[in-house]
Amino acid sequence: MSLKNRSLVTIDDLSNREIEALFSLSDEMSDSINEQYHLCQGKIMASLFFEPSTRTRLSFEAAMNRLGGRVISAVDIGATSLAKGESIADMARVIGNYADVIVIRHPWEGAAKVVADYAGIPVINAGDGSHEHPTQTLCDLYTLKKERQTIRGLKIALCGDLKYGRTVHSLIYALARFGVARIYFRPGSGLEMPPHVLRKLTQDYGGVLYKGPATDLSSLAQVLGDQSVDAIYITPTDSHQLALMPDIQINLDTSEGAIYVTRFQKERSEDKSPGAVSKKDYPKISPGVLKGKEFKRTLVMHPLPRIDELAYEMDADPRSMYFKQAARGIPVRMALIALLLGTREVDIPEGERLPSVQKTDYPVYKRGFGVSCHNPSGNCVSIHETKYIRPEFKIVSFEPLALRCVYCEHETYPKYIASSDWHEGRLETKKYHSADSHLIRKIKPENLIIFDTETEAQTHGFKPSSYASKRNDEQET
Amino acid sequence: MSLKNRSLVTIDDLSNREIEALFSLSDEMSDSINEQYHLCQGKIMASLFFEPSTRTRLSFEAAMNRLGGRVISAVDIGATSLAKGESIADMARVIGNYADVIVIRHPWEGAAKVVADYAGIPVINAGDGSHEHPTQTLCDLYTLKKERQTIRGLKIALCGDLKYGRTVHSLIYALARFGVARIYFRPGSGLEMPPHVLRKLTQDYGGVLYKGPATDLSSLAQVLGDQSVDAIYITPTDSHQLALMPDIQINLDTSEGAIYVTRFQKERSEDKSPGAVSKKDYPKISPGVLKGKEFKRTLVMHPLPRIDELAYEMDADPRSMYFKQAARGIPVRMALIALLLGTREVDIPEGERLPSVQKTDYPVYKRGFGVSCHNPSGNCVSIHETKYIRPEFKIVSFEPLALRCVYCEHETYPKYIASSDWHEGRLETKKYHSADSHLIRKIKPENLIIFDTETEAQTHGFKPSSYASKRNDEQET
Amino acid sequence: MSLKNRSLVTIDDLSNREIEALFSLSDEMSDSINEQYHLCQGKIMASLFFEPSTRTRLSFEAAMNRLGGRVISAVDIGATSLAKGESIADMARVIGNYADVIVIRHPWEGAAKVVADYAGIPVINAGDGSHEHPTQTLCDLYTLKKERQTIRGLKIALCGDLKYGRTVHSLIYALARFGVARIYFRPGSGLEMPPHVLRKLTQDYGGVLYKGPATDLSSLAQVLGDQSVDAIYITPTDSHQLALMPDIQINLDTSEGAIYVTRFQKERSEDKSPGAVSKKDYPKISPGVLKGKEFKRTLVMHPLPRIDELAYEMDADPRSMYFKQAARGIPVRMALIALLLGTREVDIPEGERLPSVQKTDYPVYKRGFGVSCHNPSGNCVSIHETKYIRPEFKIVSFEPLALRCVYCEHETYPKYIASSDWHEGRLETKKYHSADSHLIRKIKPENLIIFDTETEAQTHGFKPSSYASKRNDEQET
């Protein structure tokens, strides 16, 4: 089965079976890493990094070179084409004519999707703002698989910056899909998992949220009973203290596990004032913290680079996986590139070709006016590239009304609705209503019109219903 | 016939027949783009970009990689070697020992010529200030050729920034040489074609200038009569209005045509104050502007990146050529590199090997003192690299005296002249005269000495003739 | 004999015989430079430049490409990983998993050693602060060898910035080891050879220092008697005058010679105030300066880039070697890379395999507390990377006590000593003493404890001996 010409923008672009087949190919690459240098001969990868990055970029470039392909790269492009005012779409179309595959990192959430929409060649997302970083997730999953044979049933703690850490977001969706038993959240203070990620976990993947007792990481044993933690995944900051509790805890399935910690993403924090995030609450992993028996076999994972959240004393500890995670990035990325370029195929039995990602089939809203993405950091690509991108959403909830941006996946809660049906020819019925009106149940999804503000609604020729202003439109219609 | 070891600094470095042969090879490259990856095996291209650029650089690097060659690249070098004070000539000599071909972009006009003078290997100019960008011109011509079969007799409108847009300057010379019928100029206000380009067009290539009636682009039909426009070439800015007239119009030959618009080169404008260029006069191309029957088959061309001068609504229009122009940059650059490296040869019949560029044979002035290039932006390489470059000019006119800098091709109009013959042994005759004196006819070109200022003349031991000060030297000599 | 998996951090990492064998291979590379493009096929070089550099980086990258290997490169990384707080050791471990060989340039002295300690693959130092630049030295030596057949017995003048010029430091050690007869120092004012370099020359390699008479370079003949100078090695600055004397002069062996001048390293000068270094004293090489008969055959060498210390008039002079030095960087680096990757071996007869570098066997001090490197510029890697690097020294002198940092090789002169033997179980004897006390002769090296300050000593539980405070501890113990 061929993955040729597919793109990897979010981790959900690959089914579980495809990921497993990719891992088999990664094993093969790993075993003969120096013998692949003809596999992608004559192919070109464009490496486009709009944010500084050394490790991820060099990992992709090394992988392509190991395959015998060539690399053209543009680093820190913020200062070049963007400075001349070129759009992402124009760049994608042009580079799509130069190369055979594009790897893109960009500070705007959803930028990789735009590139994939316009390039006409396979696109790999190497990180788009705080949104996703699916190849890091592939390396993380591959490490779990190699060390624990299966991902199903593991118990995993995610620590640190769960708000801006894009690696954590991609990872949590994948863990849910692969049937991890429990995920413990241990965020730094003010760095909790954002609501749109939690909704996706619960509503799209069927996860169940529990509020756990207040506790610090070293006494996690009390929460766990006699269960052990399979992995801790940690993210960096400057903090030197472990203080708080795992404040949310998710039970997804049954049982086995890894700890994964991610770095506090300084550059993506909206509030950059010194007091914005309390560093003293940031978890820190050291041999001392992991001396309990529940951590005896716990894998310590980190996407790197680390700052202070992971002690150098851990480096010699056999539980530490972070350098292995980085090393495994090469065979995993080699496998991925070869698959998307079609120079290798995956072996998936006929009967198993259905993706195990049964994505919830939400109605799509794409009128392109009246409502725009309310990404809290303002970093959604649809907010920046308005000349050619029209806002587009999935309606993930009607009561209350909630829209998920198809680019950045952040949620927007618009205040007003109307119907395209009601007013045809009858101007007096061209009215808008509060979004929490019961009328939302009466308007057919294909007729629904949504507005952020009354001004927007009025600009488009709608008048307020009495409920819209008085919060009482029941009688009026 | 081999082009091995030739350089491409200006579009005039290739004859018409050579350009046509290069296009045949481009066709061949285009047809088998994935099968050329052994053609330049073992060869190295140095890609030296002293100005930010993503598209042009990646286009060259992709072309070299498609040919199986290797690339070493230095981007935004302003911050490195130049910061350490290294001269362009030193850099050229050193890199000339590392690589087999150099691609250079530099903000100084004439810099590519200096690199070609010192490197000892083929050099390709990828843009030198506002001077030339010959490979962009090759892509433009190739597109015209592919879409209209011939360039001879076309009618082409050039719109936007005709002053700083280097792509336009290279293009206009080539169009003239290939016998385009008419070129319509539609500059943004304050962005008119500079005088030294007009002189080259008329004096070197025999073009005839007409002043057309004041009109905006959409009523160009009135100017044209029932003639159609073959192409519009447009350049970017932020303006949203079309207002002015095509203020100059050139009749070069007979009849058939394209519109080409270039970007307003913000970074090269001498006056960077907001009011310096009136953006409201900047032409903007949209489907609405091109609805007249004279534009029915008009090719819309743009060197990219665009800002606001080219509406996104044009993208789906079959007349739009700009993404094709970019795509064709790969086979064209592949052909060029293979020719200059000598791994391919062109097939030009014996009898046709004379270049059709019959460059006017102007006298050369290179005493190296007394007069220097007066490039209005100060960006001529001869003004910056004074330690080893001596000013050198072509005398393009004696009455009035006009010198064309051999580096940037801007014109200088010096005020004073003298003769090396008159004063030999007779100090009382060592005098300088006003350049508009009739004496310029009596001094043999090989004896002519030229000074910018009286101070310069006096520094070199000359005394004013009475005419030099009183504008009356007739009696004196 | 294989050099596979070796690193080149300092020039002393290669024995004289190994250097000579490398030069034989360089000759071979030079003769067939276009036929090596399969030698390192499938291998990857990571080119990591934390400081701006065009020439050195492109030289390495061209060399690897000529060998058919691939390059992944990160330029000016200061702005990326370091900005995210990543340590050099973490970076080395990660990149060590991507590539087969690392080339590193870093502003911190000793950084290349740290990378070599952690990467697990061969590492080549492309310049670490003012410490060393061993591949430049290989190019310099190779040029001397090609032009003079042997290095032994040459007479060489080193001019310009001898303080911060790392190329000069690596070179002088190598010249000493190869038996150069005389090295004349002609530093710019305030840019004298630092004491730790002089100690290494005299104490480790047996050089003898002479103070020469005050003279300027053009009257060097008086100093030389009727001896000729084989080479001048010069370094750049802006100065236009030659004024001072060769203030130190070293006689190492017997007789034959080259002049080598290096650039004043603006960016590494501690004192950046305009008056810090008197530019008027900076030596400048021009044909006029070299008109004496003692310079008749003198090779003029320069590591490039030049500023004003080397006149452009020298370029056409047959004595000028600097562009040849740069050109020879390619075959020399090709040979080095192939050797370290093990794709070529050197041919050293069994009996001659002993390194001729008989490094003095100084005692090592590595308690990791109490004393730290006192590098005057503060640029030692051990001062910056304290989370995982513990200070480590060679005790190069006991009376007076002098420690040579194993990272940057600068010397530290600590003030206090103690013994780990004396105080065992007897608290009243846990005392520290002045470092110039005779007791230093009585403490066994393995028991020696060293402190920078009294505070440090007291922090570790030691009390002052009477001599430590009163400079009189003779009676006390």
# chains A, B, ... in the order shown; residues from 1 in each chain; ligands from 1

call {"tool": "interface_residues", "arguments": {"of": "chain B", "to": "chain A", "cutoff": "10 Å", "atoms": "only C-alpha atoms", "output": "PyMOL selection string"}}
result
chain B and resi 33-38+51-55+57-63+65-71+73+75-76+236-238+263+265-267+304-308+311-313+315+322-331

call {"tool": "select_by_dssp", "arguments": {"residues": "range 29-216 of chain A", "states": "strand (DSSP E or B)", "output": "ChimeraX atom specification"}}
result
/A:44-49,70-75,101-106,109,123-128,155-160,182-187,208-210

call {"tool": "residues_around", "arguments": {"residues": "Val123 in chain A", "least_positions_apart": "4", "cutoff": "12 Å", "atoms": "only C-alpha atoms", "output": "PyMOL selection string"}}
result
chain A and resi 4-10+13+45-48+92-93+95-96+99-105+111-119+127+134-135+336-337+340-341

call {"tool": "residues_around", "arguments": {"residues": "Arg152 in chain C", "least_positions_apart": "4", "cutoff": "6 Å", "atoms": "only C-alpha atoms", "output": "list in words"}}
result
Phe178, Gly179 and Val180 of chain C

call {"tool": "closest_residue", "arguments": {"among": "C:Cys139, C:Leu201, C:Ile450, C:Val371", "to": "His302 in chain C", "atoms": "only C-alpha atoms"}}
result
C:Cys139

call {"tool": "atom_distance", "arguments": {"atom1": "CA of Leu39 in chain B", "atom2": "CA of Met321 in chain B"}}
result
29.2 Å

call {"tool": "select_by_dssp", "arguments": {"residues": "range 290-451 of chain C", "states": "alpha helix (DSSP H)", "output": "PyMOL selection string"}}
result
chain C and resi 322-341+381-384

call {"tool": "write_last_selection", "arguments": {"atoms": "N, CA and C atoms", "output": "PDB file, in the first residue's frame"}}
result
ATOM      1  N   TYR C 322      49.065  33.772  -0.035  1.00  0.00           N
ATOM      2  CA  TYR C 322      47.807  33.662   0.714  1.00  0.00           C
ATOM      3  C   TYR C 322      46.663  33.049  -0.068  1.00  0.00           C
ATOM      4  N   PHE C 323      46.571  33.309  -1.374  1.00  0.00           N
ATOM      5  CA  PHE C 323      45.482  32.656  -2.116  1.00  0.00           C
ATOM      6  C   PHE C 323      45.797  31.177  -2.334  1.00  0.00           C
ATOM      7  N   LYS C 324      47.101  30.855  -2.442  1.00  0.00           N
ATOM      8  CA  LYS C 324      47.481  29.444  -2.522  1.00  0.00           C
ATOM      9  C   LYS C 324      47.150  28.716  -1.222  1.00  0.00           C
ATOM     10  N   GLN C 325      47.410  29.394  -0.077  1.00  0.00           N
ATOM     11  CA  GLN C 325      47.060  28.781   1.211  1.00  0.00           C
ATOM     12  C   GLN C 325      45.583  28.413   1.240  1.00  0.00           C
ATOM     13  N   ALA C 326      44.745  29.379   0.805  1.00  0.00           N
ATOM     14  CA  ALA C 326      43.294  29.141   0.819  1.00  0.00           C
ATOM     15  C   ALA C 326      42.936  27.986  -0.116  1.00  0.00           C
ATOM     16  N   ALA C 327      43.514  27.986  -1.311  1.00  0.00           N
ATOM     17  CA  ALA C 327      43.198  26.943  -2.296  1.00  0.00           C
ATOM     18  C   ALA C 327      43.612  25.563  -1.766  1.00  0.00           C
ATOM     19  N   ARG C 328      44.751  25.515  -1.086  1.00  0.00           N
ATOM     20  CA  ARG C 328      45.230  24.230  -0.582  1.00  0.00           C
ATOM     21  C   ARG C 328      44.402  23.716   0.581  1.00  0.00           C
ATOM     22  N   GLY C 329      43.552  24.587   1.123  1.00  0.00           N
ATOM     23  CA  GLY C 329      42.646  24.131   2.180  1.00  0.00           C
ATOM     24  C   GLY C 329      41.745  22.997   1.724  1.00  0.00           C
ATOM     25  N   ILE C 330      41.412  22.958   0.441  1.00  0.00           N
ATOM     26  CA  ILE C 330      40.511  21.916  -0.054  1.00  0.00           C
ATOM     27  C   ILE C 330      41.181  20.535  -0.006  1.00  0.00           C
ATOM     28  N   PRO C 331      42.309  20.305  -0.710  1.00  0.00           N
ATOM     29  CA  PRO C 331      42.903  18.960  -0.625  1.00  0.00           C
ATOM     30  C   PRO C 331      43.314  18.573   0.798  1.00  0.00           C
ATOM     31  N   VAL C 332      43.786  19.532   1.584  1.00  0.00           N
ATOM     32  CA  VAL C 332      44.180  19.198   2.966  1.00  0.00           C
ATOM     33  C   VAL C 332      42.966  18.749   3.774  1.00  0.00           C
ATOM     34  N   ARG C 333      41.849  19.469   3.643  1.00  0.00           N
ATOM     35  CA  ARG C 333      40.656  19.085   4.412  1.00  0.00           C
ATOM     36  C   ARG C 333      40.042  17.795   3.858  1.00  0.00           C
ATOM     37  N   MET C 334      40.135  17.601   2.537  1.00  0.00           N
ATOM     38  CA  MET C 334      39.663  16.324   1.968  1.00  0.00           C
ATOM     39  C   MET C 334      40.434  15.164   2.596  1.00  0.00           C
ATOM     40  N   ALA C 335      41.761  15.317   2.649  1.00  0.00           N
ATOM     41  CA  ALA C 335      42.590  14.255   3.201  1.00  0.00           C
ATOM     42  C   ALA C 335      42.229  14.011   4.669  1.00  0.00           C
ATOM     43  N   LEU C 336      42.079  15.092   5.427  1.00  0.00           N
ATOM     44  CA  LEU C 336      41.774  14.964   6.853  1.00  0.00           C
ATOM     45  C   LEU C 336      40.444  14.246   7.084  1.00  0.00           C
ATOM     46  N   ILE C 337      39.404  14.683   6.349  1.00  0.00           N
ATOM     47  CA  ILE C 337      38.074  14.093   6.535  1.00  0.00           C
ATOM     48  C   ILE C 337      38.107  12.596   6.175  1.00  0.00           C
ATOM     49  N   ALA C 338      38.743  12.281   5.045  1.00  0.00           N
ATOM     50  CA  ALA C 338      38.798  10.871   4.620  1.00  0.00           C
ATOM     51  C   ALA C 338      39.520  10.016   5.663  1.00  0.00           C
ATOM     52  N   LEU C 339      40.565  10.589   6.271  1.00  0.00           N
ATOM     53  CA  LEU C 339      41.309   9.837   7.291  1.00  0.00           C
ATOM     54  C   LEU C 339      40.478   9.625   8.551  1.00  0.00           C
ATOM     55  N   LEU C 340      39.818  10.677   9.024  1.00  0.00           N
ATOM     56  CA  LEU C 340      39.050  10.539  10.269  1.00  0.00           C
ATOM     57  C   LEU C 340      37.828   9.642  10.075  1.00  0.00           C
ATOM     58  N   LEU C 341      37.285   9.635   8.851  1.00  0.00           N
ATOM     59  CA  LEU C 341      36.155   8.749   8.569  1.00  0.00           C
ATOM     60  C   LEU C 341      36.624   7.324   8.267  1.00  0.00           C
ATOM     61  N   VAL C 381      35.181  27.588  27.963  1.00  0.00           N
ATOM     62  CA  VAL C 381      33.946  26.812  28.016  1.00  0.00           C
ATOM     63  C   VAL C 381      33.630  26.354  29.433  1.00  0.00           C
ATOM     64  N   SER C 382      34.661  26.129  30.256  1.00  0.00           N
ATOM     65  CA  SER C 382      34.419  25.644  31.629  1.00  0.00           C
ATOM     66  C   SER C 382      33.791  26.723  32.507  1.00  0.00           C
ATOM     67  N   ILE C 383      33.917  27.989  32.080  1.00  0.00           N
ATOM     68  CA  ILE C 383      33.298  29.090  32.838  1.00  0.00           C
ATOM     69  C   ILE C 383      31.819  29.213  32.458  1.00  0.00           C
ATOM     70  N   HIS C 384      31.484  28.845  31.224  1.00  0.00           N
ATOM     71  CA  HIS C 384      30.110  28.990  30.729  1.00  0.00           C
ATOM     72  C   HIS C 384      29.237  27.766  31.026  1.00  0.00           C
TER      73      HIS C 384
END

call {"tool": "residues_around", "arguments": {"residues": "range 365-369 of chain A", "least_positions_apart": "4", "cutoff": "12 Å", "atoms": "only C-alpha atoms", "output": "JSON, numbers by chain"}}
result
{"A": [373, 382, 386, 387, 388, 389, 390, 391, 392, 393, 394, 395, 396, 402, 403, 404, 405, 406, 420, 445, 446, 447, 448, 449, 450, 451, 452, 453, 456, 457, 459, 460]}

call {"tool": "decode", "arguments": {"residues": "range 393-448 of chain A", "atoms": "C-alpha atoms", "output": "CSV table (one decimal), in the first residue's frame"}}
result
chain,number,residue,atom,x,y,z
A,393,PHE,CA,-14.6,25.7,11.2
A,394,LYS,CA,-16.0,22.5,12.4
A,395,ILE,CA,-19.1,22.9,14.6
A,396,VAL,CA,-18.0,20.7,17.5
A,397,SER,CA,-21.0,21.7,19.7
A,398,PHE,CA,-24.3,23.4,19.1
A,399,GLU,CA,-25.4,24.0,22.7
A,400,PRO,CA,-23.3,25.9,23.6
A,401,LEU,CA,-22.2,26.8,20.1
A,402,ALA,CA,-18.5,26.0,19.7
A,403,LEU,CA,-16.5,26.2,16.5
A,404,ARG,CA,-13.1,24.5,16.0
A,405,CYS,CA,-10.9,26.3,13.5
A,406,VAL,CA,-9.8,23.9,10.8
A,407,TYR,CA,-6.4,25.6,10.7
A,408,CYS,CA,-5.2,25.9,14.4
A,409,GLU,CA,-8.0,23.8,16.1
A,410,HIS,CA,-8.6,26.4,18.8
A,411,GLU,CA,-12.2,27.0,19.7
A,412,THR,CA,-14.3,30.0,19.1
A,413,TYR,CA,-17.6,30.7,20.9
A,414,PRO,CA,-19.6,33.1,18.7
A,415,LYS,CA,-22.4,35.1,20.2
A,416,TYR,CA,-25.0,35.4,17.4
A,417,ILE,CA,-26.7,33.2,14.8
A,418,ALA,CA,-29.2,33.7,11.9
A,419,SER,CA,-30.7,31.6,9.1
A,420,SER,CA,-30.2,32.0,5.4
A,421,ASP,CA,-33.6,30.4,5.0
A,422,TRP,CA,-35.9,32.6,7.0
A,423,HIS,CA,-35.2,35.9,5.3
A,424,GLU,CA,-35.5,34.9,1.7
A,425,GLY,CA,-37.7,37.6,0.2
A,426,ARG,CA,-39.1,38.5,3.6
A,427,LEU,CA,-36.9,41.3,4.9
A,428,GLU,CA,-38.8,41.6,8.2
A,429,THR,CA,-37.6,38.1,9.2
A,430,LYS,CA,-33.9,38.8,8.4
A,431,LYS,CA,-33.0,38.8,12.1
A,432,TYR,CA,-30.1,37.6,14.2
A,433,HIS,CA,-30.4,35.8,17.5
A,434,SER,CA,-28.3,35.1,20.5
A,435,ALA,CA,-26.3,31.9,20.0
A,436,ASP,CA,-27.7,30.4,23.2
A,437,SER,CA,-31.3,30.7,21.9
A,438,HIS,CA,-33.2,27.5,21.5
A,439,LEU,CA,-33.6,28.5,17.8
A,440,ILE,CA,-30.2,26.9,17.1
A,441,ARG,CA,-32.1,23.6,17.2
A,442,LYS,CA,-34.5,24.8,14.6
A,443,ILE,CA,-32.1,26.1,12.0
A,444,LYS,CA,-30.8,23.5,9.5
A,445,PRO,CA,-27.0,23.3,9.6
A,446,GLU,CA,-26.8,24.2,5.9
A,447,ASN,CA,-28.8,27.4,6.6
A,448,LEU,CA,-26.9,28.5,9.7
